[in-house]
2 protein chains.
Amino acid sequence: MTATDVHAPERTPAGGQAPARAAEESTVPAGPVDTEALRRFVDGTFRELREKCRAELPLDLFEPADHLTTAEHRDRTRDQLRRIVAMGGHELGFSSRYGGGDDPGGQVSQFEMLGFGDASLMIKSGVQFGLFAGSVQALGTERHHTEVLPRALKLDLVGCFAMTESGHGSDVASLSTTATYDAATQEFVIHSPDAMAQKEYIGGAAEDAEMAVVFAQLETKGERHGVHALLVPIRRDGQALPGITLSDCGRKAGLNGVDNGRIMFDQVRVPRTALLDRYAQVAEDGTYSSLIKSANARFFTMLGALVKGRVSISGGALSQTKIALAIALRHALNRRQFGRPGTDEEVLLLDYLSHQRRLLIPLATTYALTFAQDELLQAMHEVVGAQLRGREVDTVKQRAFEAQAAGMKAASSWHATATIQTCREACGGAGYLSENRLPQLKADSDIFTTFEGDNTVLLQLVAKSLLTQYKQQFSDLDTLGMAKFATLDFVSTVAGRSPARLLVQEIIDSAPRRGDGEEELHSRAWQLQLVQYREKHVVETLAKRARRAQSKSEGRSFEALNALQDHMIMAGRAHVDRVVLEAFTAAVARCEDPGVKALLEQVCDLHALALLEAEKGWYLQHRRISPVRAKQITHAVNDALAKLRPRTEELLAGFGIPEAWLQASVLQR
Amino acid sequence: MTATDVHAPERTPAGGQAPARAAEESTVPAGPVDTEALRRFVDGTFRELREKCRAELPLDLFEPADHLTTAEHRDRTRDQLRRIVAMGGHELGFSSRYGGGDDPGGQVSQFEMLGFGDASLMIKSGVQFGLFAGSVQALGTERHHTEVLPRALKLDLVGCFAMTESGHGSDVASLSTTATYDAATQEFVIHSPDAMAQKEYIGGAAEDAEMAVVFAQLETKGERHGVHALLVPIRRDGQALPGITLSDCGRKAGLNGVDNGRIMFDQVRVPRTALLDRYAQVAEDGTYSSLIKSANARFFTMLGALVKGRVSISGGALSQTKIALAIALRHALNRRQFGRPGTDEEVLLLDYLSHQRRLLIPLATTYALTFAQDELLQAMHEVVGAQLRGREVDTVKQRAFEAQAAGMKAASSWHATATIQTCREACGGAGYLSENRLPQLKADSDIFTTFEGDNTVLLQLVAKSLLTQYKQQFSDLDTLGMAKFATLDFVSTVAGRSPARLLVQEIIDSAPRRGDGEEELHSRAWQLQLVQYREKHVVETLAKRARRAQSKSEGRSFEALNALQDHMIMAGRAHVDRVVLEAFTAAVARCEDPGVKALLEQVCDLHALALLEAEKGWYLQHRRISPVRAKQITHAVNDALAKLRPRTEELLAGFGIPEAWLQASVLQR
């Protein structure tokens, strides 16, 4: 029986929108899929741009760079950036009024494609086009757009993004750089009051940036209004401008093609118009005004305008992960070690169960995250696209998108760190050689868990957002109502309606009732319900504990909240786990190619089962699965691995990494 | 009540050998301990040598090196090695007949102390004194000792250790380099038959080594006798000798001060006496002889002579981990982020629960591994010391030591990889800067999970050794006997008698019977029994499955055994977990300083509880703990963290890292 037999088109209801078949209904491996169809499907919404990059990006972007000195690597990256900017693409995310393409999703997709090469270039371009020009676009008004964007998009003006300080990173609201308005001269005075106010780790500040978007505490008429962003020239002809002290962060673990540096301001004066004044203005006489009355809401609105960076890092992390997996899996499909008893043959690494567990589970999860990333890209395209056109964005939608971006950035970057580490180890000594790219992939991507928001902080943001939604939905419920809460549909009311929700609900609703048999393990409905249950339970109990903590903790609220910190992080994780599995499920459900669909069903099955296995402690502790069931899950994971093992090459082809981009020598042996 | 009240010497039976008190009996934090007493105790058996290193090692060994080019780093390392060799210490592990000190434990302790500095130097010294000279000492006879050791110990002869090939690493028995005896000329012909036979990743081969210990398939009189080691000159005056092709592995993730290279042999002739002939000899006429009749036993005896390397890597990994923890914890005790509600103060990173979990649990486990490492060092000192003096070593003792070394190397190196990664993330952007040492610690130690035996392979070796012991002990039991097996004392009969066993059994036996209350959680006896139970259950079920697999799998033994692979790795882990907890427990029990003892009780409590928490899925699945108990364990971990948080600085002092060795700039702010 072949794939065509099992999944003949005539058996699929019109439009390919059939409820996704549970994996056990397609146990006979569909023969090789049309890998081009798979790749196009995995490419998602912005597939055209990805194909263009595959055809056009120059091959030298994919060469290892860790043998270069810092100076050589910076030169190479600078040169590569000029060349790819000349090719076009980076400007896509900007308004067409200033030479852009009104296509933020396209811009981030291109960023993701650069993640298959030397990540220094990806980050260097992200600093210029995402952080610098992006914040001017998002926070500035026409004057700034006209002055900065056309030059920045052509790299005639190189900028940087001066937010983090030595003393404050995660807690941006407490930055200590000041921007004090002097009505007499109609200027802002930018100042670093002490060493901890020094701007720190600023990409571009060490050598290249001529202008900075500086985040500082705005003060006018003796009153503080919180953190705002201003355009401050910092360097001309390679020299720091008066009042500016620039220094170099020096060598880093990775990304040494990016010139990170430090900036100190000593009473630096810039005109009143330097304030990026989309959300708040200072009049000539120093009068402060903003349509957003709450300082807190204003702060989050400004930060929200910058969430594109998190979406980008999430995508870049996945690209780096895919390269590492491709290298390690190719190696595992080539390298043999130890004889197969009773034969003269040696065993391929990937035929070992432990090797399959180490590499194929991350492969499945990378697919899952890729589909979730496509959903996130779509949401970003919509929200940022509306902002570009000057339209109002629904606050609820905006906040949901921000939480999703925070959660996905944490999930993807931690997944990258863990997976690339495993790939290094799975390649043994070969994985340690620079010529095989894994060292640089590891070192470059390592910081993704930190920048654009520390992951532990981001997961707590996600949890706070869940708690807020929870409160809003149930604020009118009394204690009795709380008790009844379990009967409400938590996921669809509280935890956000992802584009996947409708399809997912259909899958759950249409699943046949089953017994406690092992076949249920492969039912997507059963898997989804377990993953939803965990999120629901963790958020509910968190909400209850938070309420108790607040009522009991007069004067000791830090201690009370701190005791919840791990619970919050768990809530953030549980939420992301659910969103990712739903996104994967929905993607499979809408897939129209029967072979691709059948293969992705199996990949989704492995991802879901491995997630349940990893969390079996939680499920057992909450009596949601039995000890027998926990054991069955482990067997089911092993079965799913055995099924996917022969499909490894097809799944790697689905990543769409051109052969020439994989310049790791172990592959060429 | 102070520590002195609780642990007054008069309440301690003679010799400080009282059963360790459970942690709840010393809940009142003992005031600051005598950190010098703590350090001396943690230093263990070879404390004098460690103190000597602290006093004498030059400070430049502790400077970051990742800004250097490969050539500069190699030069620096070469120079440092010459200087510290001149200071003495490396020769300790060798026979005093050749200028050594008959003190293998001392030698490995010095290696461990070098692990606080640039690890390239540690590994470069390990190649010369451990791998090269060490294998000559262990596998050679007087002729080789006299010819090589005096020169090697003074660095007048630089060597390398040519075992791994491109085609075979873990499977050493299948190496394909050949050493064919030619009786006509009384020479061995060393040859690499194909590209996969190339010696690969050989430290020293790229630039420095003049002689290699080459592992090759010995053939004489047309018969193969398996892998043997021979002394082969490879380079003179910087040039490869005729028939030898040397190349450079180039840049690596880390350890770039070590010149790893590749070696190919084209019919290279060496005299008959080049064979390191302690365990097997070839007579002038080509007759092969060995006192060890079984080829397999001979092979393992030769490899067993090299286990010192695993002990060394385990210790070196712990040193690197301690440096990383010291950097990250100092940072966490200095850095503040986010305001404490209701105050003007910001919160120290280490006051956050999630930060305590990330750093203090690894701190506790590092203590645990340090005490287990001291036990391993003692065993190594005994076994290798006996070999040095030409005495017979008890085979059972030798095999137990080898399994312990394999397990500890895997445990310590994975602990290093995970902990240093966490430390990097916990330091945020600062952790990514080379000036703060974490990037190099991460990159250098990364390969420890691979070399001297891939960790997943090593854990399977441990499991095989457990199965062998299991079979030997119970070979005479019939099926009925198997069923009764659960009543036997598995741990003391099968799983090895560590030096800690007697004390540990005393602690378990003398523990009062308790109910199911929360106080039981902190009972060391209860914790030990759970950890022992897991090992026992995992090994027993593995043995049963292995027996079933063998009986059922005619002709398909690979598939049958492969299905057990994860179970084997779990058995290896469970064994090491038990050994480590017992070693920690025994160390605390014999501690005589009441303050130190009370503090270490708490550290051991955190380590044990965190281990149970990490494995709660297993315990729940096997109905060994209840869901309520699982929840209590998490609370108990949090309580243990709260107790240890104020003791962090004392515990760091216990690592005994001189201030000047901690050259990370975040600490100096």
# chains A, B, ... in the order shown; residues from 1 in each chain; ligands from 1
>>> select_by_dssp(residues="stretch 120-243 of chain A", states="strand (DSSP E or B)", output="PyMOL selection string")
chain A and resi 159-162+165+178-182+187-191+199-203+211-220+223-233+235-236+239-240
>>> residues_around(residues="A:Ala283", least_positions_apart="4", cutoff="12 Å", atoms="only C-alpha atoms", output="MDAnalysis selection string")
chainID A and resid 181:183 186:188 220:221 271:273 275 277 287:290
>>> write_last_selection(atoms="C-alpha atoms", output="PDB file, in the first residue's frame")
ATOM      1  CA  TYR A 181      14.299  69.517  28.232  1.00  0.00           C
ATOM      2  CA  ASP A 182      15.814  72.972  28.265  1.00  0.00           C
ATOM      3  CA  ALA A 183      13.102  75.349  27.059  1.00  0.00           C
ATOM      4  CA  GLN A 186      14.650  74.224  22.908  1.00  0.00           C
ATOM      5  CA  GLU A 187      17.014  71.327  23.363  1.00  0.00           C
ATOM      6  CA  PHE A 188      17.115  68.051  25.218  1.00  0.00           C
ATOM      7  CA  THR A 220      10.564  68.616  31.332  1.00  0.00           C
ATOM      8  CA  LYS A 221       9.394  71.461  33.541  1.00  0.00           C
ATOM      9  CA  PRO A 271      17.203  69.679  19.318  1.00  0.00           C
ATOM     10  CA  ARG A 272      13.641  69.328  20.635  1.00  0.00           C
ATOM     11  CA  THR A 273      12.722  67.562  17.411  1.00  0.00           C
ATOM     12  CA  LEU A 275      12.294  63.178  20.391  1.00  0.00           C
ATOM     13  CA  ASP A 277       7.180  61.744  19.218  1.00  0.00           C
ATOM     14  CA  THR A 287       4.726  71.235  27.868  1.00  0.00           C
ATOM     15  CA  TYR A 288       4.413  67.464  27.775  1.00  0.00           C
ATOM     16  CA  SER A 289       1.451  65.852  26.065  1.00  0.00           C
ATOM     17  CA  SER A 290       0.345  62.381  25.066  1.00  0.00           C
TER      18      SER A 290
END
>>> residues_around(residues="stretch 236-239 of chain B", least_positions_apart="5", cutoff="9 Å", atoms="only C-alpha atoms", output="list in words")
Glu207, Asp208, Ala209, Glu210 and Met211 of chain B
>>> closest_residue(among="B:Ala305, B:Ala589, B:Leu360, B:Ala560", to="B:Arg548", atoms="only C-alpha atoms")
B:Ala560
>>> residues_around(residues="A:Leu230", least_positions_apart="3", cutoff="7 Å", atoms="only C-alpha atoms", output="ChimeraX atom specification")
/A:213-215,274-276
>>> write_last_selection(atoms="C-alpha atoms", output="mmCIF file, in the first residue's frame")
data_model
loop_
_atom_site.group_PDB
_atom_site.id
_atom_site.type_symbol
_atom_site.label_atom_id
_atom_site.label_comp_id
_atom_site.auth_asym_id
_atom_site.auth_seq_id
_atom_site.Cartn_x
_atom_site.Cartn_y
_atom_site.Cartn_z
ATOM 1 C CA VAL A 213 18.030 55.827 19.182
ATOM 2 C CA VAL A 214 18.591 56.547 22.859
ATOM 3 C CA PHE A 215 16.151 55.496 25.543
ATOM 4 C CA ALA A 274 15.064 64.679 18.264
ATOM 5 C CA LEU A 275 12.294 63.178 20.391
ATOM 6 C CA LEU A 276 10.593 60.308 18.566
#
>>> residues_around(residues="stretch 257-260 of chain A", least_positions_apart="2", cutoff="6 Å", atoms="only C-alpha atoms", output="count of residues only")
13
>>> closest_residue(among="A:Leu644, A:Ile323, A:Met568, A:Met113", to="chain B", atoms="only C-alpha atoms")
A:Met568
>>> select_by_dssp(residues="stretch 161-378 of chain B", states="helix (DSSP H, G or I)", output="ChimeraX atom specification")
/B:172-174,195-197,272-274,295-304,308-332,349-351,353-378
>>> atom_distance(atom1="atom CA of A:Lys409", atom2="atom CA of A:Thr449")
7.9 Å
>>> residues_around(residues="A:Thr245", least_positions_apart="2", cutoff="8 Å", atoms="only C-alpha atoms", output="MDAnalysis selection string")
chainID A and resid 240 243 247 262:265
>>> residues_around(residues="A:Ser174", least_positions_apart="4", cutoff="9 Å", atoms="only C-alpha atoms", output="list of chain:residue names")
A:Gly167, A:His168, A:Gly169, A:Gln217, A:Gly226, A:Val227, B:Gln337, B:Phe338, B:Gly339
